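Colleague: I am sharing entry-v6.txt, which consists of compact mmCIF, C-alpha atoms:
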```
# COMPACT_ATOMS: atom_id res chain seq x y z
CA ARG V 1 13.21 19.21 -4.85
CA LYS V 2 12.67 20.73 -1.45
CA ILE V 3 11.96 18.26 1.36
CA ILE V 4 10.39 19.27 4.67
CA PHE V 5 10.85 16.67 7.40
CA GLU V 6 10.36 17.25 11.14
CA LYS V 7 10.80 21.06 11.06
CA GLN V 8 13.89 20.68 8.86
CA TRP V 9 14.05 21.55 5.15
CA PHE V 10 16.73 20.54 2.67
CA TYR V 11 17.42 19.66 -0.96
CA LEU V 12 18.31 16.14 -2.09
CA ASP V 13 20.49 17.15 -5.07
CA ASN V 14 23.81 16.39 -3.36
CA ALA V 15 22.59 12.98 -2.15
CA ILE V 16 22.43 11.53 -5.68
CA GLY V 17 25.30 9.13 -6.30
CA HIS V 18 25.92 8.22 -2.66
CA ILE V 19 25.18 4.78 -1.23
CA TYR V 20 22.26 4.05 1.10
CA GLY V 21 23.14 4.53 4.74
CA THR V 22 25.23 7.65 4.15
CA THR V 23 24.85 10.28 6.86
CA PHE V 24 24.55 13.90 5.70
CA GLU V 25 24.72 17.20 7.51
CA VAL V 26 22.36 19.99 6.50
CA THR V 27 24.38 23.13 5.78
CA SER V 28 23.20 26.69 5.18
CA GLY V 29 20.82 26.94 2.25
CA GLY V 30 19.45 23.45 2.81
CA ASN V 31 22.31 21.67 1.02
CA LEU V 32 23.43 18.21 2.10
CA GLN V 33 27.08 17.45 2.79
CA PRO V 34 28.40 14.01 3.78
CA LYS V 35 29.21 14.06 7.48
CA GLN V 36 32.77 13.27 8.45
CA GLU V 37 33.24 11.14 11.53
CA VAL V 38 34.92 13.23 14.24
CA GLU V 39 35.93 11.92 17.63
CA GLU V 40 34.05 13.92 20.21
CA ALA V 41 35.85 15.21 23.27
CA THR V 42 34.08 13.80 26.30
CA ALA V 43 36.16 15.43 29.01
CA GLU V 44 33.13 17.13 30.55
CA THR V 45 31.01 13.99 30.58
CA LYS V 46 33.51 12.07 32.72
CA GLU V 47 32.36 13.92 35.83
CA ALA V 48 29.08 12.37 36.79
CA GLY V 49 26.96 12.16 39.88
CA THR V 50 25.57 9.08 41.58
CA ASP V 51 21.98 10.18 42.18
CA ASN V 52 19.38 12.32 40.40
CA ARG V 53 17.03 12.80 43.37
CA ASN V 54 18.40 16.21 44.36
CA ILE V 55 18.06 17.68 40.84
CA VAL V 56 14.99 19.92 40.50
CA ASP V 57 13.68 20.70 37.01
CA ASP V 58 12.71 24.35 37.58
CA GLY V 59 13.87 25.64 34.18
CA LYS V 60 16.67 27.74 35.71
CA SER V 61 19.55 25.30 35.30
CA GLN V 62 20.38 26.48 31.75
CA LYS V 63 22.13 29.86 31.57
CA LEU V 64 21.73 30.24 27.78
CA THR V 65 18.37 31.75 26.83
CA HIS V 66 16.36 31.05 23.71
CA ASP V 67 17.60 34.30 22.14
CA ASP V 68 21.22 33.32 22.81
CA ILE V 69 20.75 29.98 21.06
CA LYS V 70 19.04 31.71 18.12
CA ALA V 71 21.97 34.15 17.86
CA LEU V 72 24.40 31.22 17.76
CA LYS V 73 22.40 29.66 14.94
CA ASP V 74 22.35 32.93 12.98
CA LYS V 75 26.14 33.15 13.24
CA GLY V 76 26.37 29.78 11.45
CA ILE V 77 27.71 27.81 14.41
CA LYS V 78 27.25 24.06 13.91
CA GLY V 79 24.88 22.02 16.05
CA GLN V 80 27.72 20.11 17.68
CA GLU V 81 29.20 23.32 19.06
CA ILE V 82 25.78 24.52 20.26
CA VAL V 83 25.31 21.26 22.18
CA GLN V 84 28.75 21.67 23.73
CA GLN V 85 27.88 25.19 24.91
CA LEU V 86 24.58 23.95 26.36
CA ILE V 87 26.52 21.36 28.37
CA GLU V 88 29.00 23.96 29.64
CA ASN V 89 26.23 26.41 30.65
CA SER V 90 24.13 23.80 32.46
CA THR V 91 24.44 24.01 36.25
CA THR V 92 23.01 20.53 36.90
CA PHE V 93 24.76 18.54 34.14
CA ARG V 94 27.71 17.37 36.28
CA ASP V 95 25.39 16.28 39.09
CA LYS V 96 23.46 13.91 36.80
CA THR V 97 24.29 10.22 36.52
CA GLU V 98 26.17 8.93 33.49
CA PHE V 99 22.99 7.49 31.99
CA ALA V 100 21.15 10.81 32.47
CA GLN V 101 24.02 12.71 30.85
CA ASP V 102 23.93 10.44 27.79
CA LYS V 103 20.18 10.93 27.56
CA TYR V 104 20.56 14.73 27.81
CA ILE V 105 23.24 14.85 25.08
CA LYS V 106 21.18 12.61 22.79
CA LYS V 107 18.11 14.81 23.25
CA LYS V 108 20.00 18.06 22.51
CA LYS V 109 21.73 16.55 19.48
CA LYS V 110 18.40 15.54 18.00
CA LYS V 111 17.12 19.08 18.47
CA TYR V 112 20.10 21.15 17.28
CA GLU V 113 22.19 18.89 15.04
CA ALA V 114 20.72 18.73 11.51
CA VAL V 115 21.95 15.24 10.62
CA ILE V 116 20.10 13.01 8.14
CA THR V 117 20.74 9.39 7.18
CA ILE V 118 19.17 8.13 3.94
CA VAL V 119 18.10 4.50 4.33
CA LYS V 120 16.95 2.05 1.67
CA PRO V 121 13.16 1.58 1.93
CA SER V 122 11.90 -1.77 3.15
CA THR V 123 8.70 -3.33 4.46
CA ARG V 124 9.89 -3.06 8.07
CA ILE V 125 10.79 0.63 7.82
CA LEU V 126 7.65 1.67 5.90
CA SER V 127 5.26 -0.32 8.10
CA THR V 128 6.85 1.10 11.25
CA MET V 129 6.63 4.63 9.84
CA TYR V 130 2.98 4.30 8.77
CA TYR V 131 1.96 2.72 12.10
CA ALA V 132 3.69 5.50 14.07
CA ARG V 133 2.50 8.46 11.96
CA GLU V 134 -0.68 7.54 10.08
CA PRO V 135 -2.11 4.25 11.44
CA GLY V 136 -5.60 5.07 10.14
CA LYS V 137 -4.40 4.84 6.53
CA ILE V 138 -3.30 1.22 7.01
CA ASN V 139 -6.29 0.16 9.18
CA HIS V 140 -4.01 0.09 12.27
CA LEU V 141 -2.06 -2.85 10.82
CA ARG V 142 0.96 -3.28 13.10
CA TYR V 143 4.30 -4.34 11.62
CA ASP V 144 4.49 -7.66 13.49
CA THR V 145 0.97 -8.53 12.30
CA LEU V 146 2.04 -7.79 8.71
CA ALA V 147 5.01 -10.14 9.18
CA GLN V 148 2.63 -12.86 10.43
CA MET V 149 0.43 -12.35 7.34
CA LEU V 150 3.35 -12.87 4.96
CA THR V 151 4.39 -16.03 6.83
CA LEU V 152 0.90 -17.56 7.15
CA GLY V 153 0.14 -16.73 3.50
CA ASN V 154 3.32 -18.57 2.36
CA ILE V 155 4.36 -15.62 0.19
CA ARG V 156 7.37 -16.66 -1.89
CA ALA V 157 8.92 -16.15 -5.31
CA GLY V 158 7.10 -17.81 -8.20
CA SER V 159 3.67 -18.00 -6.54
CA LYS V 160 0.36 -16.63 -7.79
CA VAL V 161 -1.25 -14.51 -5.07
CA ILE V 162 -4.55 -12.62 -4.85
CA VAL V 163 -4.29 -9.48 -2.70
CA MET V 164 -7.28 -7.46 -1.54
CA GLU V 165 -6.25 -4.54 0.67
CA THR V 166 -7.19 -0.98 1.56
CA CYS V 167 -3.95 -0.19 3.40
CA ALA V 168 -2.63 2.42 0.90
CA GLY V 169 -0.68 -0.29 -0.92
CA LEU V 170 1.51 -1.31 2.04
CA VAL V 171 0.46 -4.97 2.03
CA LEU V 172 0.83 -5.11 -1.76
CA GLY V 173 4.35 -3.66 -1.51
CA ALA V 174 5.28 -6.18 1.20
CA VAL V 175 4.08 -9.06 -0.99
CA MET V 176 5.99 -7.69 -4.00
CA GLU V 177 9.17 -7.33 -1.96
CA ARG V 178 8.91 -10.90 -0.64
CA MET V 179 8.29 -12.31 -4.15
CA GLY V 180 11.23 -10.38 -5.64
CA GLY V 181 9.65 -9.82 -9.06
CA TYR V 182 8.97 -13.54 -9.72
CA GLY V 183 5.43 -14.89 -9.95
CA SER V 184 2.17 -13.00 -10.45
CA ILE V 185 0.04 -10.83 -8.18
CA ILE V 186 -3.62 -10.01 -8.77
CA GLN V 187 -4.75 -6.95 -6.85
CA MET V 188 -8.50 -6.69 -6.24
CA TYR V 189 -9.60 -3.11 -5.75
CA PRO V 190 -12.84 -1.29 -4.87
CA GLY V 191 -13.94 1.90 -6.60
CA GLY V 192 -12.44 3.41 -9.73
CA GLY V 193 -8.85 2.22 -9.41
CA PRO V 194 -6.20 0.70 -7.12
CA VAL V 195 -4.46 2.83 -4.48
CA ARG V 196 -0.68 2.31 -4.41
CA ALA V 197 0.70 5.27 -2.46
CA ALA V 198 2.83 3.13 -0.14
CA THR V 199 3.83 0.76 -2.97
CA SER V 200 5.50 3.61 -4.85
CA CYS V 201 7.65 4.36 -1.77
CA PHE V 202 9.43 1.01 -2.06
CA GLY V 203 11.27 2.09 -5.22
CA PHE V 204 10.74 -1.19 -7.08
CA PRO V 205 12.29 -1.56 -10.55
CA LYS V 206 10.00 -1.63 -13.59
CA HIS V 207 10.07 -5.41 -14.08
CA PHE V 208 8.39 -5.85 -10.67
CA PHE V 209 5.21 -4.30 -12.13
CA GLU V 210 5.14 -6.48 -15.28
CA ASN V 211 3.42 -9.35 -13.43
CA LEU V 212 1.19 -7.12 -11.30
CA HIS V 213 -2.44 -7.34 -12.43
CA GLU V 214 -5.54 -5.56 -11.18
CA PHE V 215 -9.22 -6.49 -11.18
CA PRO V 216 -12.25 -4.55 -9.84
CA LEU V 217 -14.30 -6.10 -7.04
CA SER V 218 -17.50 -5.07 -8.82
CA LYS V 219 -16.76 -7.60 -11.61
CA VAL V 220 -16.05 -10.63 -9.38
CA ASP V 221 -19.69 -11.82 -9.21
CA SER V 222 -20.13 -11.58 -12.97
CA LEU V 223 -16.86 -13.49 -13.49
CA LEU V 224 -18.01 -16.29 -11.16
CA SER V 225 -21.45 -16.50 -12.79
CA GLY V 226 -19.97 -16.53 -16.30
CA THR V 227 -21.62 -13.29 -17.44
CA PHE V 228 -18.43 -11.22 -17.42
CA SER V 229 -17.73 -9.30 -20.63
CA THR V 230 -15.35 -6.49 -21.51
CA GLU V 231 -18.20 -4.51 -23.10
CA ALA V 232 -19.20 -3.37 -19.62
CA VAL V 233 -15.80 -1.71 -19.22
CA PRO V 234 -16.07 2.07 -19.74
CA SER V 235 -14.39 2.84 -23.04
CA GLU V 236 -15.13 4.86 -26.15
CA PRO V 237 -15.76 3.01 -29.44
CA GLU V 238 -13.56 3.74 -32.43
CA ASP V 239 -16.44 5.31 -34.40
CA ASN V 240 -16.64 8.25 -32.01
CA VAL V 241 -13.28 9.71 -32.99
CA PRO V 242 -13.88 10.33 -36.73
CA VAL V 243 -17.37 11.70 -35.94
CA GLU V 244 -15.83 14.23 -33.57
CA GLU V 245 -13.16 15.04 -36.14
CA GLU V 246 -15.78 15.58 -38.85
CA SER V 247 -17.95 17.70 -36.59
CA ASN V 248 -14.96 19.78 -35.56
CA GLY V 249 -13.96 20.22 -39.18
CA LEU V 250 -17.46 21.32 -40.22
CA THR V 251 -17.76 23.85 -37.44
CA ASP V 252 -14.33 25.23 -38.20
CA GLU V 253 -15.13 25.54 -41.89
CA LYS V 254 -18.28 27.44 -40.96
CA GLN V 255 -16.42 29.70 -38.59
CA ILE V 256 -13.64 30.66 -41.00
CA PRO V 257 -15.93 31.97 -43.82
CA LEU V 258 -17.91 33.94 -41.23
CA GLN V 259 -14.73 35.63 -40.10
CA GLU V 260 -13.73 36.32 -43.70
CA THR V 261 -17.13 37.87 -44.51
CA GLU V 262 -16.94 40.00 -41.40
CA GLU V 263 -13.48 41.21 -42.40
CA GLU V 264 -14.67 41.99 -45.96
CA SER V 265 -17.68 43.91 -44.70
CA THR V 266 -15.55 45.91 -42.29
CA THR V 267 -12.97 46.72 -44.98
CA GLU V 268 -15.69 47.83 -47.42
CA ALA V 269 -17.39 49.98 -44.79
CA ALA V 270 -14.16 51.65 -43.65
CA MET V 271 -12.04 52.38 -46.78
CA ASP V 272 -10.58 55.53 -45.28
CA ILE V 273 -8.77 53.70 -42.41
CA ASN V 274 -4.97 53.59 -42.60
CA GLN V 275 -3.27 50.62 -44.31
CA THR V 276 -1.23 49.90 -41.18
CA GLU V 277 -4.40 49.21 -39.18
CA ASP V 278 -5.68 46.90 -41.95
CA GLN V 279 -2.41 44.96 -41.85
CA GLU V 280 -2.64 44.57 -38.08
CA THR V 281 -6.17 43.18 -38.23
CA MET V 282 -5.16 40.74 -40.97
CA ASP V 283 -2.21 39.52 -38.86
CA LEU V 284 -4.48 39.06 -35.86
CA SER V 285 -7.00 37.04 -37.86
CA ALA V 286 -4.24 34.81 -39.24
CA GLU V 287 -2.96 34.22 -35.68
CA ASP V 288 -6.48 33.31 -34.55
CA VAL V 289 -6.82 30.75 -37.35
CA GLU V 290 -3.45 29.19 -36.51
CA PHE V 291 -4.32 29.09 -32.81
CA LYS V 292 -7.60 27.30 -33.56
CA GLU V 293 -5.89 24.82 -35.86
CA ASN V 294 -3.31 24.02 -33.18
CA LYS V 295 -6.06 23.61 -30.61
CA GLU V 296 -7.91 21.20 -32.91
CA LYS V 297 -4.78 19.09 -33.35
CA GLU V 298 -4.24 18.98 -29.58
CA ASN V 299 -7.85 17.92 -29.01
CA LYS V 300 -7.54 15.15 -31.61
CA GLU V 301 -4.30 13.92 -30.05
CA ASN V 302 -5.88 13.97 -26.57
CA VAL V 303 -8.85 11.93 -27.81
CA ARG V 304 -6.56 9.37 -29.46
CA GLU V 305 -4.39 9.14 -26.33
CA LYS V 306 -7.46 8.69 -24.15
CA GLN V 307 -8.81 5.97 -26.43
CA ARG V 308 -5.44 4.19 -26.49
CA LYS V 309 -5.29 4.14 -22.67
CA GLN V 310 -8.83 2.79 -22.46
CA TRP V 311 -8.03 -0.01 -24.88
CA GLU V 312 -4.93 -0.86 -22.85
CA ARG V 313 -7.06 -1.03 -19.70
CA ARG V 314 -9.52 -3.32 -21.45
CA LYS V 315 -6.70 -5.60 -22.67
CA LYS V 316 -5.21 -5.84 -19.16
CA LEU V 317 -8.64 -6.56 -17.69
CA VAL V 318 -9.18 -9.44 -20.14
CA GLU V 319 -5.75 -10.90 -19.25
CA THR V 320 -6.49 -10.67 -15.51
CA ALA V 321 -9.93 -12.29 -15.98
CA ALA V 322 -8.24 -15.17 -17.83
CA LEU V 323 -5.80 -15.62 -14.93
CA LEU V 324 -8.64 -15.71 -12.41
CA ARG V 325 -10.69 -18.17 -14.50
CA GLU V 326 -7.88 -20.71 -14.13
CA LYS V 327 -8.81 -20.91 -10.42
CA ASN V 328 -5.31 -22.02 -9.42
CA ALA V 329 -4.12 -19.16 -7.20
CA ASP V 330 -1.59 -20.11 -4.53
CA GLY V 331 -3.12 -17.98 -1.80
CA VAL V 332 -5.30 -15.04 -0.76
CA ILE V 333 -4.45 -12.11 1.50
CA VAL V 334 -7.27 -9.82 2.63
CA ALA V 335 -6.64 -6.67 4.70
CA SER V 336 -9.44 -4.19 4.08
CA LYS V 337 -11.92 -1.92 5.81
CA PHE V 338 -14.84 -3.93 4.37
CA HIS V 339 -16.54 -6.89 6.03
CA PRO V 340 -14.31 -9.93 5.39
CA THR V 341 -16.99 -12.64 5.03
CA PRO V 342 -18.40 -11.89 1.53
CA LEU V 343 -14.94 -10.91 0.28
CA LEU V 344 -13.26 -14.13 1.38
CA LEU V 345 -16.08 -16.45 0.30
CA SER V 346 -15.99 -15.05 -3.24
CA LEU V 347 -12.18 -14.90 -3.54
CA LEU V 348 -11.72 -18.49 -2.28
CA GLU V 349 -13.41 -19.65 -5.50
CA PHE V 350 -10.25 -18.66 -7.42
CA VAL V 351 -7.84 -20.52 -5.10
CA ALA V 352 -6.54 -24.04 -5.69
CA SER V 353 -6.84 -26.69 -2.98
CA SER V 354 -4.20 -27.08 -0.22
CA ARG V 355 -3.38 -23.36 -0.38
CA PRO V 356 -3.29 -20.90 2.55
CA PHE V 357 -5.40 -17.79 3.06
CA VAL V 358 -5.06 -14.95 5.58
CA VAL V 359 -7.60 -12.29 6.57
CA TYR V 360 -6.75 -9.26 8.70
CA CYS V 361 -9.27 -7.14 10.56
CA GLN V 362 -8.83 -4.47 13.18
CA TYR V 363 -11.73 -5.92 15.18
CA GLN V 364 -12.46 -9.46 16.35
CA GLU V 365 -16.23 -9.68 15.76
CA PRO V 366 -16.23 -9.66 11.90
CA LEU V 367 -13.61 -12.42 11.88
CA LEU V 368 -15.69 -14.51 14.31
CA GLU V 369 -18.59 -14.31 11.88
CA CYS V 370 -16.28 -15.21 9.01
CA TYR V 371 -14.93 -18.15 11.03
CA THR V 372 -18.48 -19.46 11.61
CA LYS V 373 -19.45 -19.09 7.94
CA LEU V 374 -16.36 -20.98 6.80
CA ARG V 375 -17.11 -23.80 9.26
CA GLU V 376 -20.65 -24.08 7.90
CA ARG V 377 -19.50 -23.92 4.27
CA GLY V 378 -16.64 -26.42 4.58
CA GLY V 379 -13.74 -26.66 2.18
CA VAL V 380 -11.22 -25.31 4.71
CA VAL V 381 -9.08 -26.87 7.44
CA ASN V 382 -6.75 -25.63 10.17
CA LEU V 383 -8.83 -22.50 10.81
CA LYS V 384 -7.15 -20.23 13.37
CA LEU V 385 -8.16 -16.87 14.79
CA SER V 386 -5.16 -15.21 16.44
CA GLU V 387 -3.90 -11.95 17.88
CA THR V 388 -0.18 -11.19 18.09
CA TRP V 389 1.22 -9.54 21.21
CA LEU V 390 4.16 -7.17 20.96
CA ARG V 391 6.38 -5.59 23.60
CA ASN V 392 9.40 -3.42 22.82
CA TYR V 393 12.53 -3.72 24.94
CA GLN V 394 15.30 -1.21 25.48
CA VAL V 395 18.59 -3.08 25.26
CA LEU V 396 21.49 -1.00 26.65
CA PRO V 397 24.37 -1.75 29.04
CA ASP V 398 23.04 -2.16 32.61
CA ARG V 399 19.62 -0.77 31.67
CA SER V 400 17.75 -3.34 29.54
CA HIS V 401 14.05 -3.29 30.37
CA PRO V 402 10.63 -3.23 28.67
CA LYS V 403 9.68 0.18 27.37
CA LEU V 404 7.12 2.11 29.38
CA THR V 405 4.70 2.50 26.48
CA MET V 406 3.53 -0.42 24.34
CA SER V 407 0.90 -1.02 21.68
CA GLY V 408 -2.56 -1.88 22.91
CA GLY V 409 -3.48 -4.10 19.98
CA GLY V 410 -2.33 -4.92 16.49
CA GLY V 411 -5.52 -6.38 15.02
CA TYR V 412 -6.63 -9.98 14.46
CA LEU V 413 -5.78 -12.62 11.87
CA LEU V 414 -7.93 -15.46 10.53
CA SER V 415 -5.90 -18.07 8.66
CA GLY V 416 -6.55 -21.49 7.19
CA ILE V 417 -5.91 -23.91 4.31
CA THR V 418 -8.28 -24.70 1.46
CA VAL V 419 -9.32 -28.28 0.61
CA VAL V 420 -11.54 -29.77 -2.09
CA LEU V 421 -15.18 -29.07 -1.29
CA ASP V 422 -17.45 -32.07 -1.94
CA LYS V 423 -20.89 -30.55 -2.41
CA ASP V 424 -22.84 -33.85 -2.20
CA LYS V 425 -21.31 -34.73 1.15
CA SER V 426 -21.82 -31.23 2.46
CA ASP V 427 -25.51 -31.29 1.48
CA SER V 428 -26.06 -34.70 3.11
CA SER V 429 -24.22 -33.65 6.27
CA ASN V 430 -26.36 -30.51 6.48
CA SER V 431 -29.57 -32.53 6.17
CA GLU V 432 -28.39 -35.00 8.83
CA ALA V 433 -27.53 -32.13 11.14
CA LEU V 434 -31.01 -30.67 10.64
CA LYS V 435 -32.60 -34.06 11.46
CA MET V 436 -30.59 -34.35 14.65
CA GLU V 437 -31.68 -30.88 15.71
CA GLU V 438 -35.41 -31.71 15.29
CA PRO V 439 -37.31 -33.13 18.27
CA SER V 440 -38.10 -36.88 18.27
CA SER V 441 -41.87 -36.40 17.91
CA LYS V 442 -41.43 -34.25 14.80
CA ARG V 443 -38.91 -36.74 13.33
CA CYS V 444 -41.43 -39.59 13.78
CA LYS V 445 -44.16 -37.62 12.02
CA VAL V 446 -41.86 -36.85 9.12
CA GLN V 447 -40.83 -40.53 8.82
CA ASP V 448 -44.51 -41.65 8.91
CA LEU V 449 -45.33 -39.22 6.13
CA HIS V 450 -42.49 -40.63 4.01
CA CYS V 451 -43.74 -44.20 4.61
```
Can you dump the structure from the file as structure tokens?
Modeller:
Amino acid sequence: RKIIFEKQWFYLDNAIGHIYGTTFEVTSGGNLQPKQEVEEATAETKEAGTDNRNIVDDGKSQKLTHDDIKALKDKGIKGQEIVQQLIENSTTFRDKTEFAQDKYIKKKKKKYEAVITIVKPSTRILSTMYYAREPGKINHLRYDTLAQMLTLGNIRAGSKVIVMETCAGLVLGAVMERMGGYGSIIQMYPGGGPVRAATSCFGFPKHFFENLHEFPLSKVDSLLSGTFSTEAVPSEPEDNVPVEEESNGLTDEKQIPLQETEEESTTEAAMDINQTEDQETMDLSAEDVEFKENKEKENKENVREKQRKQWERRKKLVETAALLREKNADGVIVASKFHPTPLLLSLLEFVASSRPFVVYCQYQEPLLECYTKLRERGGVVNLKLSETWLRNYQVLPDRSHPKLTMSGGGGYLLSGITVVLDKDKSDSSNSEALKMEEPSSKRCKVQDLHC
């Protein structure tokens, strides 16, 4: 199919069969051809200046105009040759320093050389791409913060993880990649169904999805209270299908005699019409009947297919509910646009003791509230609210330095470990805390009343 990427269009047909990391050159017609490594002649670049202060960017240093470059492209001249001509026709190129010349060549190559490298998708590449292009879709989750989540959540092969995210499936894909197809993942989703746009970009094999389960957030409360039942799942009962079939059959039987009576009446009324016209009308009526019969069969097949899918959904939902009822999950990862406190408090019920949990939020205030609620509730230790700090460095010979632009913030993480919650102790500790908060005069009155 046709791919449009950064003002460049091409077809991927010729890329099939090559290994990841192969570099292709876009030829005329959008076809890809493997690029052959050619040693570039750098005779012109050897002459370099020592200072860039006297160079003025007035737009007059390049002799080639835009129309000249367009004419070169129309002739079919390759991008490498166009870059070479730009260097030769630049009046200030030889006065630039060696570093500035390299930067100039790199910039022109990116603009005029249609070179594409196909890389194997990974969590690092996809998270970097999403954060650079569409950060709103992943709740501004930076790639180093995602790495911290996978580490703090102890994501590994063979574990049983609950994932609740609204990051277009990026966090889910990262967890699946780290687990390598071993273990089970339960994805909690809001709304009508899970969103896995970024997950599909990883290119996982089919067996990765065999242990991926999904459960709606709207059913969590009923599952915890014990009132969960599959009858609430939207599905059509089996009795509906034969009723529809019977009704369709009756209406069709009624329609066919009506058509026949109409044809008989018309033939009786018009006996003088040519036999050829009668034959044509008969053929048309036969085609109509066949068309309706085919349409009925398609409708019946669609109904059966729809019912089969609904029953499959119900079966999967029952299996996922059974997994959650075991309450032995090895961890929880939450990265959503919703308030984290009610989400985490309900999902922690399905987690075994001595297991980690991680919550991501773009803002600090909701996590502070969640931190306070968890302290009051108990059952967790090693609570930490953290923010990772990231600075990119350019590492090149004689010019390694921090980059001028850096990310302002990558969100906040709340992490901790679950422990067994003793309700009796927690109730007594709460009552003691309340007594300590009361003034002495009120405490005396209460004690006198008890006596």
Colleague: Quick one, how far is atom CA of V:Tyr189 from atom CA of V:Pro216?
Modeller: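 We find that atom CA of V:Tyr189 and atom CA of V:Pro216 lie 5.1 Å from each other.
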Colleague: Extract, using all atoms listed in the file, all DNA, RNA and protein residues at most 10 Å from V:Gly29, discarding same-chain residues fewer than 6 positions from it, and format them as a PyMOL selection string.
Modeller: chain V and resi 9-11
Colleague: Could you make a table, as JSON lines, of the residues of stretch 101-130 of chain V that have an atom within 12 Å of an atom of stretch 63-73 of chain V, each with its nearest atom pair and distance in Å to one decimal, counting only C-alpha atoms, in chain and number order?
Modeller:
```
{"residue": "V:Lys111", "atom": "CA", "partner": "V:Ile69", "partner_atom": "CA", "distance": 11.8}
{"residue": "V:Tyr112", "atom": "CA", "partner": "V:Lys73", "partner_atom": "CA", "distance": 9.1}
{"residue": "V:Glu113", "atom": "CA", "partner": "V:Lys73", "partner_atom": "CA", "distance": 10.8}
{"residue": "V:Ala114", "atom": "CA", "partner": "V:Lys73", "partner_atom": "CA", "distance": 11.6}
```
Colleague: For a test of reading the model, state the distance in Å between atom CA of V:Cys167 and atom CA of V:Thr123, rounded to one decimal.
Modeller: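 So the answer is 13.1 Å.
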Colleague: I want to know what sits within 12 Å of V:Val115, based on all atoms listed in the file, with residues of the same chain fewer than 3 positions away left out; could you give that as a PyMOL selection string?
Modeller: chain V and resi 5-6+8-10+22-27+30-36+78-80+109-112+118
Colleague: Work out how far atom CA of V:Ala174 is from atom CA of V:Met149, in Å to one decimal.
Modeller: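 These atoms are spaced 10.0 Å apart.
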Colleague: Find the residues near V:Leu141: any atom within 8 Å, counting all atoms listed in the file, skip ones fewer than 4 places away on the same chain, and give them as a ChimeraX atom specification.
Modeller: /V:131,135,145-146,362,410-411
Colleague: Using only C-alpha atoms, which residues sit within 12 Å of V:Thr341 once same-chain residues fewer than 2 positions away are excluded, as a count of residues only?
Modeller: 28
